[in-house]
$ cat coords-v6.cif   # mmCIF, C-alpha atoms and all ligand atoms
data_target
loop_
_atom_site.group_PDB
_atom_site.id
_atom_site.type_symbol
_atom_site.label_atom_id
_atom_site.label_comp_id
_atom_site.auth_asym_id
_atom_site.auth_seq_id
_atom_site.Cartn_x
_atom_site.Cartn_y
_atom_site.Cartn_z
ATOM 1 C CA MET A 1 -56.531 -70.548 -13.330
ATOM 2 C CA ARG A 2 -59.093 -72.487 -11.348
ATOM 3 C CA THR A 3 -58.160 -73.540 -7.849
ATOM 4 C CA ILE A 4 -59.621 -76.456 -5.951
ATOM 5 C CA ALA A 5 -59.342 -76.272 -2.161
ATOM 6 C CA ILE A 6 -58.805 -79.679 -0.584
ATOM 7 C CA ILE A 7 -59.887 -79.742 3.050
ATOM 8 C CA SER A 8 -57.891 -82.252 5.100
ATOM 9 C CA PRO A 9 -59.701 -82.372 8.454
ATOM 10 C CA SER A 10 -57.852 -84.957 10.530
ATOM 11 C CA VAL A 11 -55.875 -83.334 13.344
ATOM 12 C CA ARG A 12 -54.960 -86.718 14.771
ATOM 13 C CA ARG A 13 -51.360 -87.715 15.460
ATOM 14 C CA GLY A 14 -50.599 -90.581 13.084
ATOM 15 C CA ARG A 15 -53.468 -89.628 10.809
ATOM 16 C CA ASN A 16 -53.846 -91.460 7.519
ATOM 17 C CA SER A 17 -56.556 -89.623 5.589
ATOM 18 C CA HIS A 18 -54.123 -86.808 4.810
ATOM 19 C CA ARG A 19 -52.560 -89.260 2.348
ATOM 20 C CA VAL A 20 -55.674 -88.971 0.213
ATOM 21 C CA ALA A 21 -55.452 -85.151 0.266
ATOM 22 C CA LEU A 22 -51.861 -85.418 -0.982
ATOM 23 C CA TYR A 23 -52.971 -87.830 -3.705
ATOM 24 C CA PHE A 24 -55.704 -85.509 -4.995
ATOM 25 C CA LYS A 25 -53.447 -82.466 -5.047
ATOM 26 C CA ARG A 26 -50.920 -84.334 -7.170
ATOM 27 C CA TYR A 27 -53.598 -85.949 -9.348
ATOM 28 C CA LEU A 28 -55.230 -82.603 -10.208
ATOM 29 C CA GLU A 29 -51.953 -80.852 -10.876
ATOM 30 C CA ASP A 30 -50.139 -83.640 -12.738
ATOM 31 C CA ASN A 31 -53.107 -83.943 -15.074
ATOM 32 C CA LYS A 32 -53.139 -80.151 -15.473
ATOM 33 C CA LEU A 33 -56.814 -79.994 -14.557
ATOM 34 C CA VAL A 34 -56.596 -77.145 -12.020
ATOM 35 C CA SER A 35 -54.282 -75.874 -9.339
ATOM 36 C CA ALA A 36 -54.989 -77.351 -5.937
ATOM 37 C CA GLU A 37 -54.303 -76.244 -2.406
ATOM 38 C CA ILE A 38 -54.585 -78.370 0.711
ATOM 39 C CA LEU A 39 -56.255 -76.622 3.643
ATOM 40 C CA ASP A 40 -54.824 -78.673 6.484
ATOM 41 C CA LEU A 41 -56.930 -78.257 9.634
ATOM 42 C CA LYS A 42 -54.054 -79.642 11.691
ATOM 43 C CA ASP A 43 -51.985 -76.636 10.631
ATOM 44 C CA TYR A 44 -54.836 -74.183 11.184
ATOM 45 C CA ASN A 45 -55.424 -75.567 14.672
ATOM 46 C CA PHE A 46 -58.688 -73.630 15.020
ATOM 47 C CA PRO A 47 -60.227 -73.334 18.488
ATOM 48 C CA LEU A 48 -63.593 -74.948 19.127
ATOM 49 C CA PHE A 49 -66.321 -73.044 17.275
ATOM 50 C CA ASP A 50 -67.938 -70.292 19.315
ATOM 51 C CA GLU A 51 -69.477 -68.047 16.645
ATOM 52 C CA ARG A 52 -69.942 -67.764 12.912
ATOM 53 C CA LEU A 53 -67.338 -65.633 11.213
ATOM 54 C CA ARG A 54 -69.862 -63.046 10.044
ATOM 55 C CA HIS A 55 -70.866 -62.397 13.663
ATOM 56 C CA GLN A 56 -67.351 -62.247 15.043
ATOM 57 C CA HIS A 57 -66.143 -58.784 16.045
ATOM 58 C CA ASP A 58 -62.431 -59.451 15.887
ATOM 59 C CA PRO A 59 -61.839 -62.597 13.828
ATOM 60 C CA ALA A 60 -58.417 -64.233 13.900
ATOM 61 C CA ALA A 61 -56.277 -63.724 10.794
ATOM 62 C CA GLU A 62 -56.221 -67.491 10.126
ATOM 63 C CA VAL A 63 -60.015 -67.628 10.149
ATOM 64 C CA LEU A 64 -60.200 -64.786 7.620
ATOM 65 C CA GLN A 65 -57.558 -66.474 5.498
ATOM 66 C CA PHE A 66 -59.383 -69.820 5.588
ATOM 67 C CA ALA A 67 -62.681 -68.151 4.668
ATOM 68 C CA GLU A 68 -61.066 -66.354 1.756
ATOM 69 C CA LYS A 69 -59.582 -69.585 0.455
ATOM 70 C CA ILE A 70 -62.992 -71.238 0.441
ATOM 71 C CA ARG A 71 -64.645 -68.150 -1.057
ATOM 72 C CA SER A 72 -62.131 -67.841 -3.882
ATOM 73 C CA ALA A 73 -61.862 -71.576 -4.677
ATOM 74 C CA SER A 74 -63.654 -72.756 -7.797
ATOM 75 C CA GLY A 75 -64.600 -75.902 -5.945
ATOM 76 C CA VAL A 76 -63.794 -77.900 -2.842
ATOM 77 C CA ILE A 77 -62.832 -81.506 -2.206
ATOM 78 C CA ILE A 78 -63.463 -82.632 1.356
ATOM 79 C CA ILE A 79 -61.472 -85.581 2.623
ATOM 80 C CA ALA A 80 -63.760 -87.038 5.280
ATOM 81 C CA PRO A 81 -62.270 -89.626 7.637
ATOM 82 C CA GLU A 82 -64.935 -91.796 9.248
ATOM 83 C CA TYR A 83 -65.097 -91.528 13.022
ATOM 84 C CA ASN A 84 -67.740 -93.766 14.574
ATOM 85 C CA GLY A 85 -70.009 -93.615 11.583
ATOM 86 C CA GLY A 86 -69.707 -89.846 11.237
ATOM 87 C CA TYR A 87 -67.194 -87.228 10.190
ATOM 88 C CA PRO A 88 -64.765 -85.518 12.610
ATOM 89 C CA ALA A 89 -65.658 -82.563 14.812
ATOM 90 C CA SER A 90 -62.795 -80.601 13.252
ATOM 91 C CA LEU A 91 -64.702 -80.603 9.966
ATOM 92 C CA LYS A 92 -68.035 -79.466 11.456
ATOM 93 C CA ASN A 93 -66.013 -76.792 13.265
ATOM 94 C CA VAL A 94 -65.119 -75.115 9.961
ATOM 95 C CA ILE A 95 -68.361 -75.816 8.125
ATOM 96 C CA ASP A 96 -70.313 -73.918 10.802
ATOM 97 C CA LEU A 97 -67.776 -71.102 10.837
ATOM 98 C CA LEU A 98 -68.697 -69.993 7.311
ATOM 99 C CA THR A 99 -72.004 -69.107 5.685
ATOM 100 C CA ASP A 100 -72.090 -67.385 2.278
ATOM 101 C CA GLU A 101 -68.724 -68.892 1.385
ATOM 102 C CA TRP A 102 -70.467 -72.271 0.988
ATOM 103 C CA ARG A 103 -73.361 -70.964 -1.087
ATOM 104 C CA ARG A 104 -73.396 -72.661 -4.521
ATOM 105 C CA LYS A 105 -69.865 -73.909 -3.933
ATOM 106 C CA PRO A 106 -69.283 -77.171 -5.796
ATOM 107 C CA VAL A 107 -68.131 -79.701 -3.194
ATOM 108 C CA ALA A 108 -67.008 -83.286 -3.738
ATOM 109 C CA ILE A 109 -66.560 -85.679 -0.824
ATOM 110 C CA SER A 110 -64.003 -88.443 -0.466
ATOM 111 C CA THR A 111 -64.755 -90.610 2.558
ATOM 112 C CA VAL A 112 -61.845 -92.469 4.128
ATOM 113 C CA SER A 113 -61.537 -95.258 6.657
ATOM 114 C CA SER A 114 -59.174 -97.913 7.854
ATOM 115 C CA GLY A 115 -61.986 -100.437 7.518
ATOM 116 C CA THR A 116 -63.457 -102.114 4.467
ATOM 117 C CA PHE A 117 -66.469 -99.834 3.929
ATOM 118 C CA GLY A 118 -64.472 -96.739 2.989
ATOM 119 C CA GLY A 119 -66.242 -94.422 5.394
ATOM 120 C CA VAL A 120 -69.440 -94.359 3.353
ATOM 121 C CA GLN A 121 -71.637 -94.346 6.461
ATOM 122 C CA SER A 122 -70.666 -90.728 7.058
ATOM 123 C CA ILE A 123 -71.562 -89.454 3.617
ATOM 124 C CA THR A 124 -75.281 -88.760 3.984
ATOM 125 C CA SER A 125 -74.850 -86.742 7.178
ATOM 126 C CA LEU A 126 -72.086 -84.664 5.615
ATOM 127 C CA GLN A 127 -74.028 -84.142 2.395
ATOM 128 C CA PHE A 128 -77.063 -83.059 4.399
ATOM 129 C CA VAL A 129 -75.095 -80.458 6.363
ATOM 130 C CA LEU A 130 -73.554 -79.078 3.182
ATOM 131 C CA TRP A 131 -76.979 -78.988 1.530
ATOM 132 C CA LYS A 132 -78.221 -76.949 4.508
ATOM 133 C CA MET A 133 -75.324 -74.566 3.892
ATOM 134 C CA ARG A 134 -76.542 -74.287 0.270
ATOM 135 C CA ALA A 135 -73.400 -75.815 -1.167
ATOM 136 C CA TRP A 136 -73.606 -77.907 -4.340
ATOM 137 C CA THR A 137 -72.545 -81.375 -3.324
ATOM 138 C CA VAL A 138 -71.724 -83.438 -6.369
ATOM 139 C CA PRO A 139 -73.170 -86.971 -6.541
ATOM 140 C CA ALA A 140 -69.834 -88.647 -7.329
ATOM 141 C CA VAL A 141 -68.055 -90.231 -4.377
ATOM 142 C CA PHE A 142 -64.520 -91.471 -3.761
ATOM 143 C CA PRO A 143 -64.544 -93.902 -0.841
ATOM 144 C CA VAL A 144 -61.139 -95.098 0.317
ATOM 145 C CA ILE A 145 -60.953 -98.433 2.123
ATOM 146 C CA SER A 146 -58.020 -99.625 4.256
ATOM 147 C CA VAL A 147 -56.326 -96.250 3.836
ATOM 148 C CA GLY A 148 -53.182 -97.293 5.708
ATOM 149 C CA THR A 149 -52.335 -99.822 3.013
ATOM 150 C CA SER A 150 -54.092 -98.382 -0.043
ATOM 151 C CA PHE A 151 -52.058 -95.134 0.096
ATOM 152 C CA ASP A 152 -48.533 -94.552 1.353
ATOM 153 C CA GLU A 153 -47.493 -91.571 3.477
ATOM 154 C CA ALA A 154 -46.619 -89.489 0.440
ATOM 155 C CA GLY A 155 -50.062 -90.086 -1.064
ATOM 156 C CA ASN A 156 -49.041 -92.705 -3.610
ATOM 157 C CA PRO A 157 -51.819 -95.250 -4.189
ATOM 158 C CA ALA A 158 -50.928 -98.937 -3.996
ATOM 159 C CA ASP A 159 -52.902 -99.440 -7.230
ATOM 160 C CA ARG A 160 -52.372 -96.213 -9.161
ATOM 161 C CA GLU A 161 -54.289 -97.282 -12.230
ATOM 162 C CA ALA A 162 -57.410 -98.106 -10.230
ATOM 163 C CA ALA A 163 -57.141 -94.953 -8.114
ATOM 164 C CA ASP A 164 -56.614 -92.705 -11.137
ATOM 165 C CA THR A 165 -59.567 -94.248 -12.974
ATOM 166 C CA ARG A 166 -61.833 -93.510 -10.023
ATOM 167 C CA ALA A 167 -60.313 -90.070 -9.530
ATOM 168 C CA ALA A 168 -60.971 -89.196 -13.179
ATOM 169 C CA ALA A 169 -64.696 -89.842 -12.826
ATOM 170 C CA PHE A 170 -64.861 -88.128 -9.434
ATOM 171 C CA THR A 171 -63.015 -84.969 -10.447
ATOM 172 C CA ALA A 172 -64.814 -84.778 -13.821
ATOM 173 C CA GLU A 173 -68.099 -84.492 -11.961
ATOM 174 C CA LEU A 174 -66.733 -81.772 -9.697
ATOM 175 C CA LEU A 175 -65.256 -79.837 -12.622
ATOM 176 C CA TRP A 176 -68.536 -80.110 -14.550
ATOM 177 C CA CYS A 177 -70.240 -78.344 -11.632
ATOM 178 C CA VAL A 178 -67.455 -75.765 -11.483
ATOM 179 C CA GLU A 179 -67.923 -75.014 -15.181
ATOM 180 C CA ALA A 180 -71.707 -74.857 -14.887
ATOM 181 C CA ARG A 181 -71.432 -72.423 -12.008
ATOM 182 C CA GLU A 182 -69.007 -70.213 -13.917
ATOM 183 C CA LYS A 183 -71.382 -70.097 -16.882
ATOM 184 C CA MET A 184 -74.317 -69.128 -14.683
ATOM 185 C CA ASN A 185 -72.280 -66.429 -13.002
ATOM 186 C CA GLY A 186 -71.501 -65.049 -16.452
HETATM 187 C C1 LIG B 201 -62.483 -91.723 16.893
HETATM 188 C C2 LIG B 201 -62.297 -92.657 15.732
HETATM 189 C C3 LIG B 201 -63.368 -93.403 15.282
HETATM 190 C C4 LIG B 201 -63.232 -94.267 14.192
HETATM 191 N N1 LIG B 201 -64.314 -94.936 13.718
HETATM 192 C C5 LIG B 201 -64.198 -95.711 12.614
HETATM 193 C C6 LIG B 201 -65.342 -96.373 12.058
HETATM 194 O O1 LIG B 201 -66.459 -96.241 12.529
HETATM 195 N N2 LIG B 201 -65.153 -97.153 10.978
HETATM 196 C C7 LIG B 201 -63.931 -97.305 10.392
HETATM 197 O O2 LIG B 201 -63.815 -98.041 9.407
HETATM 198 N N3 LIG B 201 -62.842 -96.669 10.862
HETATM 199 C C8 LIG B 201 -62.948 -95.873 11.959
HETATM 200 N N4 LIG B 201 -61.846 -95.211 12.457
HETATM 201 C C9 LIG B 201 -60.571 -95.343 11.764
HETATM 202 C C10 LIG B 201 -60.375 -94.182 10.775
HETATM 203 O O3 LIG B 201 -61.252 -94.343 9.691
HETATM 204 C C11 LIG B 201 -58.932 -94.151 10.353
HETATM 205 O O4 LIG B 201 -58.170 -93.624 11.412
HETATM 206 C C12 LIG B 201 -58.633 -93.443 9.066
HETATM 207 O O5 LIG B 201 -57.251 -93.506 8.864
HETATM 208 C C13 LIG B 201 -59.080 -92.004 8.885
HETATM 209 O O6 LIG B 201 -58.814 -91.146 9.962
HETATM 210 P P1 LIG B 201 -57.388 -90.414 10.248
HETATM 211 O O7 LIG B 201 -57.074 -89.548 9.081
HETATM 212 O O8 LIG B 201 -57.612 -89.622 11.490
HETATM 213 O O9 LIG B 201 -56.360 -91.491 10.372
HETATM 214 C C14 LIG B 201 -61.969 -94.373 13.547
HETATM 215 C C15 LIG B 201 -60.890 -93.619 14.027
HETATM 216 C C16 LIG B 201 -61.044 -92.773 15.090
HETATM 217 C C17 LIG B 201 -59.867 -91.940 15.539
#
$ encode --input "coords-v6.cif" --output "C-alpha cells" --more "lines below"
Ligand SMILES: Cc1cc2nc3c(=O)[nH]c(=O)nc-3n(C[C@H](O)[C@H](O)[C@H](O)COP(=O)(O)O)c2cc1C
Amino acid sequence: MRTIAIISPSVRRGRNSHRVALYFKRYLEDNKLVSAEILDLKDYNFPLFDERLRHQHDPAAEVLQFAEKIRSASGVIIIAPEYNGGYPASLKNVIDLLTDEWRRKPVAISTVSSGTFGGVQSITSLQFVLWKMRAWTVPAVFPVISVGTSFDEAGNPADREAADTRAAAFTAELLWCVEAREKMNG
C-alpha cells in the first residue's frame, strides 16, 4: 500500500494550516487512493537545525523516525503556511536535515494563508529549495485562501465540492509522479 506523508509545519499556538493537513489525510483515505500519515512538526518539536542527519554522530530517535517516514513514503504533501511572503522556519529546519531522502521524492505543495492570495508568494522559494534537494516537485498547486473560514478545525471544507474537485486534480498529479517513479525503479 502506498503511503503519502503529509508534512504539517506550523508549530504556532492557534495554528490554522493544520486543518488542511487533516483534510488531505481524510480525502486520500476516504477516496481509497493511498494511506496517509500526518507528520506534525508541532509534535516532533525538533530543535533548531545544527547539522544534517547524515553527519550527526548520535541522532535523536525522533529525527531517525522522521527521516525514515520521508524515505519510505511514496510521495509527500507539504502544507506550507505563508509567513511574510515565505514559508516557516520549522519547514526549512526539516528540509535541511535530510539529503538522500528527498532525492526523486514526488512532492506536492499546498500553500495556506489567512489572506486572499492563498500563500502563493511562498511557492517559488519552496519549490526552488526542494529542486536543490533533487526532489520532484509536481506542478499542481493547492492554494488555500482565508483558511480560518474555508476549513473548520476538524479539516472540513466550507465548500466540500469545490475543495474535492481541486484536491482531485492536485492529488492525481502527485500520484502520477509516484507511479512514474515506481515504474522507473522497476
Ligand atoms: C509570522 C507570520 C507571518 C504571516 N504572514 C502572512 C502573509 O504574508 N500573508 C498572509 O496572507 N498571511 C500571513 N500570515 C497568516 C498565516 O497565513 C495564517 O496564520 C495561516 O493560518 C497559516 O499559518 P498557521 O498554520 O500558523 O495558522 C502570517 C502569520 C504569521 C504567524
$ residues_around --input "coords-v6.cif" --residues "Ser35 of chain A" --least-positions-apart "3" --cutoff "8 Å" --atoms "only C-alpha atoms" --output "list in words"
Met1, Arg2, Thr3, Ile4, Lys25, Leu28, Glu29 and Lys32 of chain A
$ residues_near_ligand --input "coords-v6.cif" --ligand "ligand LIG 201 (chain B)" --cutoff "8 Å" --atoms "all atoms listed in the file" --output "ChimeraX atom specification"
/A:9-18,80-86,88,112-119,145-148
$ atom_distance --input "coords-v6.cif" --atom1 "atom CA of Ile6 of chain A" --atom2 "atom CA of Leu91 of chain A"
12.1 Å
$ closest_residue --input "coords-v6.cif" --among "A:Leu22, A:Ile7, A:Val63, A:Val120" --to "Ile77 of chain A" --atoms "only C-alpha atoms"
A:Ile7
$ atom_distance --input "coords-v6.cif" --atom1 "atom CA of Ala5 of chain A" --atom2 "atom CA of Ile38 of chain A"
5.9 Å
$ residues_around --input "coords-v6.cif" --residues "Arg52 of chain A" --least-positions-apart "4" --cutoff "10 Å" --atoms "all atoms listed in the file" --output "ChimeraX atom specification"
/A:56,59,93-99
$ atom_distance --input "coords-v6.cif" --atom1 "atom CA of Ala89 of chain A" --atom2 "atom CA of Lys69 of chain A"
20.3 Å
$ residues_around --input "coords-v6.cif" --residues "segment 136-144 of chain A" --least-positions-apart "5" --cutoff "8 Å" --atoms "only C-alpha atoms" --output "list of chain:residue names"
A:Arg103, A:Arg104, A:Lys105, A:Pro106, A:Val107, A:Ala108, A:Ile109, A:Ser110, A:Thr111, A:Val112, A:Ser113, A:Phe117, A:Gly118, A:Gly119, A:Val120, A:Gln127, A:Leu130, A:Trp131, A:Ser150, A:Arg166, A:Ala167, A:Ala169, A:Phe170, A:Glu173, A:Leu174, A:Cys177
$ closest_residue --input "coords-v6.cif" --among "A:Ala73, A:Leu175, A:Ala158, A:Val129" --to "Lys92 of chain A" --atoms "all atoms listed in the file"
A:Val129
$ decode --input "coords-v6.cif" --residues "segment 22-47 of chain A" --atoms "N, CA, C and O atoms" --output "PDB file, in the first residue's frame"
ATOM      1  N   LEU A  22      -5.325  17.854   7.878  1.00  0.00           N
ATOM      2  CA  LEU A  22      -6.387  16.920   8.264  1.00  0.00           C
ATOM      3  C   LEU A  22      -7.309  16.625   7.074  1.00  0.00           C
ATOM      4  O   LEU A  22      -7.727  15.492   6.850  1.00  0.00           O
ATOM      5  N   TYR A  23      -7.596  17.677   6.308  1.00  0.00           N
ATOM      6  CA  TYR A  23      -8.456  17.499   5.126  1.00  0.00           C
ATOM      7  C   TYR A  23      -7.819  16.510   4.146  1.00  0.00           C
ATOM      8  O   TYR A  23      -8.481  15.579   3.672  1.00  0.00           O
ATOM      9  N   PHE A  24      -6.527  16.715   3.833  1.00  0.00           N
ATOM     10  CA  PHE A  24      -5.898  15.848   2.834  1.00  0.00           C
ATOM     11  C   PHE A  24      -5.798  14.400   3.305  1.00  0.00           C
ATOM     12  O   PHE A  24      -5.966  13.479   2.508  1.00  0.00           O
ATOM     13  N   LYS A  25      -5.519  14.214   4.576  1.00  0.00           N
ATOM     14  CA  LYS A  25      -5.458  12.828   5.079  1.00  0.00           C
ATOM     15  C   LYS A  25      -6.808  12.141   4.830  1.00  0.00           C
ATOM     16  O   LYS A  25      -6.868  11.039   4.300  1.00  0.00           O
ATOM     17  N   ARG A  26      -7.885  12.827   5.212  1.00  0.00           N
ATOM     18  CA  ARG A  26      -9.202  12.219   5.050  1.00  0.00           C
ATOM     19  C   ARG A  26      -9.559  12.062   3.580  1.00  0.00           C
ATOM     20  O   ARG A  26     -10.114  11.055   3.166  1.00  0.00           O
ATOM     21  N   TYR A  27      -9.209  13.078   2.768  1.00  0.00           N
ATOM     22  CA  TYR A  27      -9.533  13.000   1.333  1.00  0.00           C
ATOM     23  C   TYR A  27      -8.865  11.773   0.695  1.00  0.00           C
ATOM     24  O   TYR A  27      -9.499  11.014  -0.026  1.00  0.00           O
ATOM     25  N   LEU A  28      -7.588  11.585   0.958  1.00  0.00           N
ATOM     26  CA  LEU A  28      -6.832  10.486   0.340  1.00  0.00           C
ATOM     27  C   LEU A  28      -7.363   9.136   0.807  1.00  0.00           C
ATOM     28  O   LEU A  28      -7.463   8.197   0.017  1.00  0.00           O
ATOM     29  N   GLU A  29      -7.701   9.058   2.080  1.00  0.00           N
ATOM     30  CA  GLU A  29      -8.125   7.766   2.614  1.00  0.00           C
ATOM     31  C   GLU A  29      -9.589   7.462   2.282  1.00  0.00           C
ATOM     32  O   GLU A  29      -9.920   6.333   1.918  1.00  0.00           O
ATOM     33  N   ASP A  30     -10.456   8.461   2.371  1.00  0.00           N
ATOM     34  CA  ASP A  30     -11.866   8.222   2.048  1.00  0.00           C
ATOM     35  C   ASP A  30     -12.043   7.806   0.589  1.00  0.00           C
ATOM     36  O   ASP A  30     -12.930   7.020   0.260  1.00  0.00           O
ATOM     37  N   ASN A  31     -11.186   8.362  -0.271  1.00  0.00           N
ATOM     38  CA  ASN A  31     -11.276   8.012  -1.689  1.00  0.00           C
ATOM     39  C   ASN A  31     -10.421   6.791  -2.039  1.00  0.00           C
ATOM     40  O   ASN A  31     -10.255   6.456  -3.215  1.00  0.00           O
ATOM     41  N   LYS A  32      -9.883   6.166  -0.995  1.00  0.00           N
ATOM     42  CA  LYS A  32      -9.091   4.936  -1.139  1.00  0.00           C
ATOM     43  C   LYS A  32      -7.960   5.086  -2.169  1.00  0.00           C
ATOM     44  O   LYS A  32      -7.678   4.176  -2.958  1.00  0.00           O
ATOM     45  N   LEU A  33      -7.337   6.241  -2.166  1.00  0.00           N
ATOM     46  CA  LEU A  33      -6.249   6.488  -3.110  1.00  0.00           C
ATOM     47  C   LEU A  33      -4.935   5.935  -2.571  1.00  0.00           C
ATOM     48  O   LEU A  33      -4.174   5.304  -3.299  1.00  0.00           O
ATOM     49  N   VAL A  34      -4.673   6.168  -1.307  1.00  0.00           N
ATOM     50  CA  VAL A  34      -3.435   5.748  -0.634  1.00  0.00           C
ATOM     51  C   VAL A  34      -3.705   5.830   0.866  1.00  0.00           C
ATOM     52  O   VAL A  34      -4.702   6.398   1.289  1.00  0.00           O
ATOM     53  N   SER A  35      -2.774   5.292   1.665  1.00  0.00           N
ATOM     54  CA  SER A  35      -2.853   5.631   3.083  1.00  0.00           C
ATOM     55  C   SER A  35      -2.049   6.915   3.283  1.00  0.00           C
ATOM     56  O   SER A  35      -1.134   7.228   2.489  1.00  0.00           O
ATOM     57  N   ALA A  36      -2.385   7.644   4.310  1.00  0.00           N
ATOM     58  CA  ALA A  36      -1.733   8.938   4.520  1.00  0.00           C
ATOM     59  C   ALA A  36      -1.396   9.105   5.987  1.00  0.00           C
ATOM     60  O   ALA A  36      -2.156   8.677   6.858  1.00  0.00           O
ATOM     61  N   GLU A  37      -0.241   9.702   6.224  1.00  0.00           N
ATOM     62  CA  GLU A  37       0.172   9.942   7.607  1.00  0.00           C
ATOM     63  C   GLU A  37       0.623  11.386   7.756  1.00  0.00           C
ATOM     64  O   GLU A  37       1.428  11.877   6.957  1.00  0.00           O
ATOM     65  N   ILE A  38       0.084  12.050   8.763  1.00  0.00           N
ATOM     66  CA  ILE A  38       0.488  13.440   9.013  1.00  0.00           C
ATOM     67  C   ILE A  38       1.759  13.444   9.862  1.00  0.00           C
ATOM     68  O   ILE A  38       1.810  12.804  10.917  1.00  0.00           O
ATOM     69  N   LEU A  39       2.775  14.129   9.375  1.00  0.00           N
ATOM     70  CA  LEU A  39       3.996  14.343  10.166  1.00  0.00           C
ATOM     71  C   LEU A  39       3.874  15.755  10.734  1.00  0.00           C
ATOM     72  O   LEU A  39       4.108  16.751  10.030  1.00  0.00           O
ATOM     73  N   ASP A  40       3.482  15.817  11.988  1.00  0.00           N
ATOM     74  CA  ASP A  40       3.150  17.094  12.624  1.00  0.00           C
ATOM     75  C   ASP A  40       4.406  17.652  13.309  1.00  0.00           C
ATOM     76  O   ASP A  40       4.861  17.107  14.319  1.00  0.00           O
ATOM     77  N   LEU A  41       4.941  18.730  12.763  1.00  0.00           N
ATOM     78  CA  LEU A  41       6.209  19.262  13.317  1.00  0.00           C
ATOM     79  C   LEU A  41       6.005  19.860  14.700  1.00  0.00           C
ATOM     80  O   LEU A  41       6.974  20.045  15.438  1.00  0.00           O
ATOM     81  N   LYS A  42       4.771  20.146  15.059  1.00  0.00           N
ATOM     82  CA  LYS A  42       4.498  20.609  16.429  1.00  0.00           C
ATOM     83  C   LYS A  42       4.720  19.452  17.418  1.00  0.00           C
ATOM     84  O   LYS A  42       5.286  19.636  18.487  1.00  0.00           O
ATOM     85  N   ASP A  43       4.322  18.266  17.010  1.00  0.00           N
ATOM     86  CA  ASP A  43       4.561  17.090  17.860  1.00  0.00           C
ATOM     87  C   ASP A  43       6.047  16.738  17.909  1.00  0.00           C
ATOM     88  O   ASP A  43       6.587  16.387  18.955  1.00  0.00           O
ATOM     89  N   TYR A  44       6.710  16.809  16.757  1.00  0.00           N
ATOM     90  CA  TYR A  44       8.138  16.448  16.742  1.00  0.00           C
ATOM     91  C   TYR A  44       8.966  17.420  17.579  1.00  0.00           C
ATOM     92  O   TYR A  44       9.916  17.031  18.231  1.00  0.00           O
ATOM     93  N   ASN A  45       8.592  18.691  17.520  1.00  0.00           N
ATOM     94  CA  ASN A  45       9.281  19.697  18.343  1.00  0.00           C
ATOM     95  C   ASN A  45      10.805  19.626  18.194  1.00  0.00           C
ATOM     96  O   ASN A  45      11.551  19.613  19.188  1.00  0.00           O
ATOM     97  N   PHE A  46      11.264  19.566  16.936  1.00  0.00           N
ATOM     98  CA  PHE A  46      12.701  19.451  16.679  1.00  0.00           C
ATOM     99  C   PHE A  46      13.450  20.699  17.136  1.00  0.00           C
ATOM    100  O   PHE A  46      12.940  21.814  16.995  1.00  0.00           O
ATOM    101  N   PRO A  47      14.667  20.527  17.661  1.00  0.00           N
ATOM    102  CA  PRO A  47      15.476  21.719  17.961  1.00  0.00           C
ATOM    103  C   PRO A  47      15.900  22.403  16.665  1.00  0.00           C
ATOM    104  O   PRO A  47      15.779  21.824  15.584  1.00  0.00           O
TER     105      PRO A  47
END
